[in-house]
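A quick write-up on the structure given underneath.
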8 protein chains.
Amino acid sequence: MKKVAVVMGSASDLSVVQKAVDSLGNLGVPFEVRVLSAHRTPAEAREFAERAAENGFGVLIAAAGKAAHLAGALAASTILPVIGIPICSPSVGGLDALLSTVQMPSGIPVATVGIDGAVNAALLACEILAVSEPDLARRLLDKRREDSEAVLEKDREVSAQFTRKNEGSR
Amino acid sequence: MKKVAVVMGSASDLSVVQKAVDSLGNLGVPFEVRVLSAHRTPAEAREFAERAAENGFGVLIAAAGKAAHLAGALAASTILPVIGIPICSPSVGGLDALLSTVQMPSGIPVATVGIDGAVNAALLACEILAVSEPDLARRLLDKRREDSEAVLEKDREVSAQFTRKNEGSR
Amino acid sequence: MKKVAVVMGSASDLSVVQKAVDSLGNLGVPFEVRVLSAHRTPAEAREFAERAAENGFGVLIAAAGKAAHLAGALAASTILPVIGIPICSPSVGGLDALLSTVQMPSGIPVATVGIDGAVNAALLACEILAVSEPDLARRLLDKRREDSEAVLEKDREVSAQFTRKNEGSR
Amino acid sequence: MKKVAVVMGSASDLSVVQKAVDSLGNLGVPFEVRVLSAHRTPAEAREFAERAAENGFGVLIAAAGKAAHLAGALAASTILPVIGIPICSPSVGGLDALLSTVQMPSGIPVATVGIDGAVNAALLACEILAVSEPDLARRLLDKRREDSEAVLEKDREVSAQFTRKNEGSR
Amino acid sequence: MKKVAVVMGSASDLSVVQKAVDSLGNLGVPFEVRVLSAHRTPAEAREFAERAAENGFGVLIAAAGKAAHLAGALAASTILPVIGIPICSPSVGGLDALLSTVQMPSGIPVATVGIDGAVNAALLACEILAVSEPDLARRLLDKRREDSEAVLEKDREVSAQFTRKNEGSR
Amino acid sequence: MKKVAVVMGSASDLSVVQKAVDSLGNLGVPFEVRVLSAHRTPAEAREFAERAAENGFGVLIAAAGKAAHLAGALAASTILPVIGIPICSPSVGGLDALLSTVQMPSGIPVATVGIDGAVNAALLACEILAVSEPDLARRLLDKRREDSEAVLEKDREVSAQFTRKNEGSR
Amino acid sequence: MKKVAVVMGSASDLSVVQKAVDSLGNLGVPFEVRVLSAHRTPAEAREFAERAAENGFGVLIAAAGKAAHLAGALAASTILPVIGIPICSPSVGGLDALLSTVQMPSGIPVATVGIDGAVNAALLACEILAVSEPDLARRLLDKRREDSEAVLEKDREVSAQFTRKNEGSR
Amino acid sequence: MKKVAVVMGSASDLSVVQKAVDSLGNLGVPFEVRVLSAHRTPAEAREFAERAAENGFGVLIAAAGKAAHLAGALAASTILPVIGIPICSPSVGGLDALLSTVQMPSGIPVATVGIDGAVNAALLACEILAVSEPDLARRLLDKRREDSEAVLEKDREVSAQFTRKNEGSR
């Protein structure tokens, strides 16, 4: 199976990005994790993106905050799908990173997920690979079923708890 | 090759969506175009998503405005990658559609492109299919080269025009 | 009297939703509490809404955060009034949930209350039922009078406290 | 059947409000239309709300722009459900009216619909009355079916049009 | 001298409003403090504003959060200048209260100060009274001079501290 | 009676400011109109504010767009009440001018009215002067009554028009 | 004198950028105009920035819209001062471009001017060069004086016009 | 070498501004630190700016929050480049300071850096001085190399850490 690259603009983004890595691991998808900055290491970032396909990557995930250019910078140098995770920062709550990531000019798309949406970035990467990997598709369907079952279980708990209360209060 | 579905929440979104269709056509990717509403035809929308994989689709594109739930509603019923196009509307300029599309809960990703970003939605769909379609990958690389060449051509024009002016004014 | 359904998209919304439940209990309105996700359990959410009227519900309350589709998803499958509570989340302060809940397309209304406005959601549900339940209307009027009296009491306290200070300082 | 009041803060809001009136008319719901300002005629606005129930109204709809206080001002003087329509204005695109209408303090709910959402305000008023009016409920269900059928008809048209193109281009 | 009324929509606003009261006290301006809600005690709020002039008030200050209607509601019932303090609340950071206070319809102005700007509300009230109270004008000028002197004092401190460091580091 | 100064940051703001001038004229309040820029003529702006009181002014109105510093700059050099009109500009709809005008630091208040709120700025200036000018207070009360009567007249028209329609449609 | 580079991300930005070019021309500062895209021609953009200093440039101006990465991309490859002009686009009014340009990570500054602020970008470039070019500094001072004189002239016109009206109306 | 002035509107901004001072110190650039308020000490602020050039300053840095007028006020009285640091404040997260600083009227530019972007303000000041100071240019290039090397070092660490984990988990 092709690998997923999980790239962050700064090692300080690791606490958010970790959840993407965990999700990929749980679904058995091979990955590499990198720290590459669109601004502090532009040459390395570009070279990484240019060679990503030949190095066995199928999807790139890029996490960055503020004027989040990393996903767009990688996307400019590869035709592999690039997923952007806008990282929340204190001042304007991630709106800066969201707009910097999603509002790409025509020609160079970035598949943007929600602010700090690391789990969804990993799942989207898996969905992309699963288009041609039936086994991974099955694992994704299983995960969906488990997630769904977890909600239904919570529903039974919460629903029962309040039914008792509601009856008790009459 | 797997097909791309281009779904819009209302036929009034067609003027924006048309650009996605044109881009898919130019890149030789098979597609179908549908009008399905998460709110007015929820059963049909859900059924479409549930059967999309078995009906030969590889990627779904969903365009909707305001409280844009279409992409999320489709994503809830398939593990195919779903790309969301937030449609701009007069009152809050597409910020409503952007946030409604991108801020998905953990477990159900939507690959969001920019507001009215129909061309990028189509290109992203192609990049996703191209992960396992080397021919399409080549066509995407060719398109990148053409886009790049078009900018360089504009650069020569504009640069020359102002060089003459600049020299003339001295 | 018809019942009120209090539905939340995730059990983590319970701390906010609890206030709606308490308010309904205080006003003697029967209710049920459910955890149903527009994205993780779309079939169950839809079925719940489709059968809500025949199951004795008169109003549905739906609480969800981020790309808050739950209220809209329920509203798409019932003509019972659906009240949406946008849940505040860290990154953009509930603006995402507010816009995702309130900006519904023409044809499928959601009666939206303020961000984290669980008490008001419950009161609105009661006001709706009270249109044909004179007893409940009386209880709502009593509550209004009590709320008003509480403000007037606070007014007397605060006003007296500062009058003394003001006089003392001259 | 109880009447619906359609109140606007200024006669200049009539072009938006007209759609609410038309929708009520189409669904056979009796209504009255008023121009009352929370700021320029506060006494009349308050008196109208205080007597609305005894004057045969079941629901109030209030449309206002900018610092849109009308819905809240009416809601402060009645326990009938009050629906607020935030009117879009040039400078900040209706965000001011939306926040002024929806962010009500605990105790006094306003059922807010989308910016300029006059049709949905009327439908919500009908849904509220329909809780105890089975005939109106049936008419609402019929309208839902017609809306749904209109989308499906559009779907067939658009889908067929692009199928021909798609086939023609191969 | 005419009195200043300091009105808050809820006793929970007192921690912010206290600074306005202190400032008025320091400048020797008589005041009264009230808790009156535009929504929970609309009749009392209106009556207070209607009689404010004859009761010896010259300016009203109104503090409220969220859909902050208090200042506007008072302004609708008096031609005394009404100053609005938008109170910050967690979800959207006071933007709701700011827009609800400042975006008043033509005919009924509210003199709005910054979010949580209680000190400035008090100073503005004093400036308004000082138009016809030369003694108060003098006290305001004195306060300005003191404020200015405090900044200059800080400037000397900070400037000296860094001059030493700067020299030390060479 | 003291004069009102109507100052604009650029002659291009005149179309908005004109309404303030007209309102002052209608209420018989003497005024002067000036073009002074906080940035392009800072010395003149400051000198104007410093001498405003001794030159017979009682209130200053300042209109400016974008990073609207004019009101704040004048307020820094006078203790006369300064009213700020944030002017709407294309890019961010006047939110920049609103925040630049209203969010003043503690010590230097600006009485801010709504975006492009020139009429309200004039009325607020009159309300401030009217604190010590009973004749002007009476004229303001008369204007309020006329405004109120105009709404009630509109109410009768609109209400009658729809009553006929409503009856006709049955 | 060192040259100023005026770079735009797309030839469609030329209508805004033209004003920067005109301002540079008027102040006698040599310049070159280029079309280089951070995303469509990343290699050329980077190479241009890397060689800008040795090619005789002293300052770079970069104009781009939406997820405006151009200024940041150039800044990443040079230590020359880079000035960013965020270009206004329809959907979110230039807020996307502003945040994408100004919120740069620590280490790589971009000197950001206002949305569509092409004239100010040119003036800032001149101010930067003028730090070591006394002749240019003098021309900038002259321009300031002319701008100031133009405001004062407008002030005399407007002030006189309204004085006549004001007197005439008494 | 010319000096850099680091000016803050209030001593409470010192914790943010300190990082600018440290960065200047590290790069061996002479500086002075001042507390000057556009509103509380307008005369001193203006005089400082007017004499800054003759007093040996080459660049001014101004930090202020809320309606942040300091940078613009200094820029109005000098043609030296003025760099603005918008300071984050609780209510609207620095968006007020950002817009008040960056949206300057045509003719008076402010080189705005990100919210709380003190390090970048210092680096930008150095880049400006370095246009005519080759030694400082070299130090800036060295710093860039060190920053870049630090990212690459982090990259090696993080990348190795996850490679081990990834391999271990297979």
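Convention: chains lettered A, B, ... in structure tokens order; per-chain residue numbering from 1; ligands numbered from 1 as shown.
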Please, which residues in chain C fall within 12 Å of chain A when counting only C-alpha atoms, and what is the closest atom pair and distance in Å to one decimal for each, ordered by chain then residue number, as CSV?
residue,atom,partner,partner_atom,distance
C:Lys3,CA,A:Asn166,CA,11.4
C:Val4,CA,A:Asn166,CA,11.8
C:Ala5,CA,A:Ser159,CA,10.5
C:Val6,CA,A:Ser159,CA,9.8
C:Val7,CA,A:Asp155,CA,9.4
C:Met8,CA,A:Asp155,CA,9.3
C:Gly9,CA,A:Val151,CA,8.8
C:Ser10,CA,A:Val151,CA,7.4
C:Ala11,CA,A:Lys154,CA,6.7
C:Ser12,CA,A:Lys154,CA,10.2
C:Asp13,CA,A:Val158,CA,11.5
C:Leu14,CA,A:Val158,CA,9.0
C:Val17,CA,A:Val158,CA,11.6
C:Gln18,CA,A:Phe162,CA,10.0
C:Val21,CA,A:Phe162,CA,8.8
C:Asp22,CA,A:Asn166,CA,10.0
C:Leu24,CA,A:Asn166,CA,9.9
C:Gly25,CA,A:Asn166,CA,7.4
C:Asn26,CA,A:Ser169,CA,9.5
C:Leu27,CA,A:Ser169,CA,11.4
C:Gly28,CA,A:Arg170,CA,8.1
C:Val29,CA,A:Asn166,CA,9.6
C:Pro30,CA,A:Asn166,CA,7.3
C:Phe31,CA,A:Asn166,CA,7.3
C:Glu32,CA,A:Thr163,CA,6.6
C:Val33,CA,A:Ser159,CA,5.1
C:Arg34,CA,A:Ser159,CA,5.2
C:Val35,CA,A:Asp155,CA,4.4
C:Leu36,CA,A:Asp155,CA,6.8
C:Ser37,CA,A:Val151,CA,7.4
C:Ala38,CA,A:Ser148,CA,10.6
C:His39,CA,A:Ser148,CA,8.8
C:Arg40,CA,A:Ser148,CA,5.1
C:Thr41,CA,A:Ser148,CA,5.5
C:Pro42,CA,A:Ser148,CA,9.0
C:Ala43,CA,A:Ser148,CA,10.1
C:Glu44,CA,A:Leu152,CA,8.7
C:Ala45,CA,A:Leu152,CA,10.5
C:Lys66,CA,A:Gly114,CA,8.8
C:Ala67,CA,A:Gly114,CA,9.1
C:Ser89,CA,A:Gly93,CA,10.4
C:Pro90,CA,A:Gly93,CA,7.6
C:Ser91,CA,A:Gly93,CA,4.6
C:Val92,CA,A:Gly93,CA,5.5
C:Gly93,CA,A:Gly93,CA,8.0
C:Gly94,CA,A:Gly93,CA,11.1
C:Leu95,CA,A:Leu95,CA,11.0
C:Asp96,CA,A:Gly114,CA,10.6
Q: Figure out the distance between CA of Val102 in chain G and CA of Leu99 in chain H, please, to one decimal in Å.
A: 11.0 Å
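Going from CA of Gln103 in chain H over to CA of Ala75 in chain F, you cover 20.3 Å.
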Q) If you run DSSP on the backbone, which residues of range 44-163 of chain D are strand (DSSP E or B), as a VMD selection string? A) chain D and resid 57 to 65 82 to 87 111 to 112
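Shell of Ser77 in chain E at 6 Å, with only C-alpha atoms counted and residues fewer than 3 places along the chain excluded, is Ala49, Glu50 and Leu74 of chain E.
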Could you dump the residues just selected with C-alpha atoms as a PDB file, in the first residue's frame?
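File produced: out32.pdb:
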ATOM      1  CA  ALA E  49     -36.446  55.735  30.991  1.00  0.00           C
ATOM      2  CA  GLU E  50     -39.646  57.715  30.505  1.00  0.00           C
ATOM      3  CA  LEU E  74     -34.013  52.802  27.265  1.00  0.00           C
TER       4      LEU E  74
END
Q. Which value, in Å to one decimal, gives the distance between CA of Pro81 in chain D and CA of Leu123 in chain D?
A. 13.5 Å
Q) Which neighbours of Ala121 in chain F fall inside 7 Å, counting only C-alpha atoms, when residues of the same chain fewer than 5 positions from it are skipped, and could you give them as a VMD selection string? A) chain F and resid 20 61 83 85 113
Q: Would you kindly return, as number ranges by chain, each protein, DNA or RNA residue with an atom no farther than 12 Å from any atom of Ser132 in chain C, considering only C-alpha atoms and excluding same-chain residues fewer than 4 positions away?
A: C: 1-2, 58, 126-128, 136-138; D: 1-2, 53, 57-59, 80-81, 128-133
Please identify the alpha helix (DSSP H) residues within range 36-158 of chain H (assignment by DSSP from backbone atoms) and present them as a PDB file with C-alpha atoms, in the first residue's frame.
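To be explicit, this is the file written out as selection.pdb:
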ATOM      1  CA  PRO H  42      -0.649  62.631  21.761  1.00  0.00           C
ATOM      2  CA  ALA H  43       1.700  65.627  21.832  1.00  0.00           C
ATOM      3  CA  GLU H  44       4.666  63.580  23.036  1.00  0.00           C
ATOM      4  CA  ALA H  45       3.930  60.787  20.545  1.00  0.00           C
ATOM      5  CA  ARG H  46       3.775  63.248  17.700  1.00  0.00           C
ATOM      6  CA  GLU H  47       6.907  65.098  18.751  1.00  0.00           C
ATOM      7  CA  PHE H  48       8.782  61.832  19.096  1.00  0.00           C
ATOM      8  CA  ALA H  49       7.854  60.841  15.531  1.00  0.00           C
ATOM      9  CA  GLU H  50       8.623  64.268  14.077  1.00  0.00           C
ATOM     10  CA  ARG H  51      12.133  64.215  15.517  1.00  0.00           C
ATOM     11  CA  ALA H  52      12.819  60.506  15.118  1.00  0.00           C
ATOM     12  CA  LEU H  70      -0.291  54.310  17.802  1.00  0.00           C
ATOM     13  CA  ALA H  71       1.465  53.064  14.659  1.00  0.00           C
ATOM     14  CA  GLY H  72      -0.755  55.223  12.456  1.00  0.00           C
ATOM     15  CA  ALA H  73      -0.285  58.260  14.672  1.00  0.00           C
ATOM     16  CA  LEU H  74       3.498  57.935  14.504  1.00  0.00           C
ATOM     17  CA  ALA H  75       3.390  57.261  10.762  1.00  0.00           C
ATOM     18  CA  LEU H  95      -8.960  41.474  15.136  1.00  0.00           C
ATOM     19  CA  ASP H  96      -9.722  45.018  16.334  1.00  0.00           C
ATOM     20  CA  ALA H  97      -6.036  45.895  16.702  1.00  0.00           C
ATOM     21  CA  LEU H  98      -5.160  44.216  13.401  1.00  0.00           C
ATOM     22  CA  LEU H  99      -7.768  46.151  11.398  1.00  0.00           C
ATOM     23  CA  SER H 100      -7.011  49.431  13.232  1.00  0.00           C
ATOM     24  CA  THR H 101      -3.330  49.054  12.398  1.00  0.00           C
ATOM     25  CA  VAL H 102      -3.353  47.709   8.847  1.00  0.00           C
ATOM     26  CA  ALA H 118       6.913  41.108  18.114  1.00  0.00           C
ATOM     27  CA  VAL H 119       9.773  38.930  16.856  1.00  0.00           C
ATOM     28  CA  ASN H 120       8.760  39.519  13.243  1.00  0.00           C
ATOM     29  CA  ALA H 121       8.491  43.267  13.875  1.00  0.00           C
ATOM     30  CA  ALA H 122      12.105  43.269  15.059  1.00  0.00           C
ATOM     31  CA  LEU H 123      13.264  41.143  12.135  1.00  0.00           C
ATOM     32  CA  LEU H 124      11.429  43.379   9.666  1.00  0.00           C
ATOM     33  CA  ALA H 125      13.113  46.427  11.208  1.00  0.00           C
ATOM     34  CA  CYS H 126      16.463  44.707  10.758  1.00  0.00           C
ATOM     35  CA  GLU H 127      15.656  43.772   7.153  1.00  0.00           C
ATOM     36  CA  ILE H 128      14.846  47.421   6.482  1.00  0.00           C
ATOM     37  CA  LEU H 129      18.113  48.662   8.000  1.00  0.00           C
ATOM     38  CA  ALA H 130      19.990  45.842   6.279  1.00  0.00           C
ATOM     39  CA  PRO H 134      25.668  44.592   4.539  1.00  0.00           C
ATOM     40  CA  ASP H 135      26.913  43.389   7.941  1.00  0.00           C
ATOM     41  CA  LEU H 136      23.414  43.246   9.347  1.00  0.00           C
ATOM     42  CA  ALA H 137      22.267  41.506   6.159  1.00  0.00           C
ATOM     43  CA  ARG H 138      24.849  38.814   6.809  1.00  0.00           C
ATOM     44  CA  ARG H 139      23.673  38.388  10.397  1.00  0.00           C
ATOM     45  CA  LEU H 140      20.080  38.041   9.165  1.00  0.00           C
ATOM     46  CA  LEU H 141      21.149  35.404   6.668  1.00  0.00           C
ATOM     47  CA  ASP H 142      22.959  33.562   9.469  1.00  0.00           C
ATOM     48  CA  LYS H 143      19.847  33.665  11.623  1.00  0.00           C
ATOM     49  CA  ARG H 144      17.770  32.291   8.758  1.00  0.00           C
ATOM     50  CA  ARG H 145      20.224  29.435   8.368  1.00  0.00           C
ATOM     51  CA  GLU H 146      20.095  28.695  12.103  1.00  0.00           C
ATOM     52  CA  ASP H 147      16.281  28.762  12.141  1.00  0.00           C
ATOM     53  CA  SER H 148      16.246  26.473   9.156  1.00  0.00           C
ATOM     54  CA  GLU H 149      18.762  24.120  10.745  1.00  0.00           C
ATOM     55  CA  ALA H 150      16.653  24.008  13.914  1.00  0.00           C
ATOM     56  CA  VAL H 151      13.609  22.871  11.916  1.00  0.00           C
ATOM     57  CA  LEU H 152      15.674  20.246  10.098  1.00  0.00           C
ATOM     58  CA  GLU H 153      17.016  18.993  13.436  1.00  0.00           C
ATOM     59  CA  LYS H 154      13.458  18.724  14.786  1.00  0.00           C
ATOM     60  CA  ASP H 155      12.514  16.946  11.557  1.00  0.00           C
ATOM     61  CA  ARG H 156      15.204  14.331  12.100  1.00  0.00           C
ATOM     62  CA  GLU H 157      14.076  13.792  15.704  1.00  0.00           C
ATOM     63  CA  VAL H 158      10.349  13.546  15.017  1.00  0.00           C
TER      64      VAL H 158
END
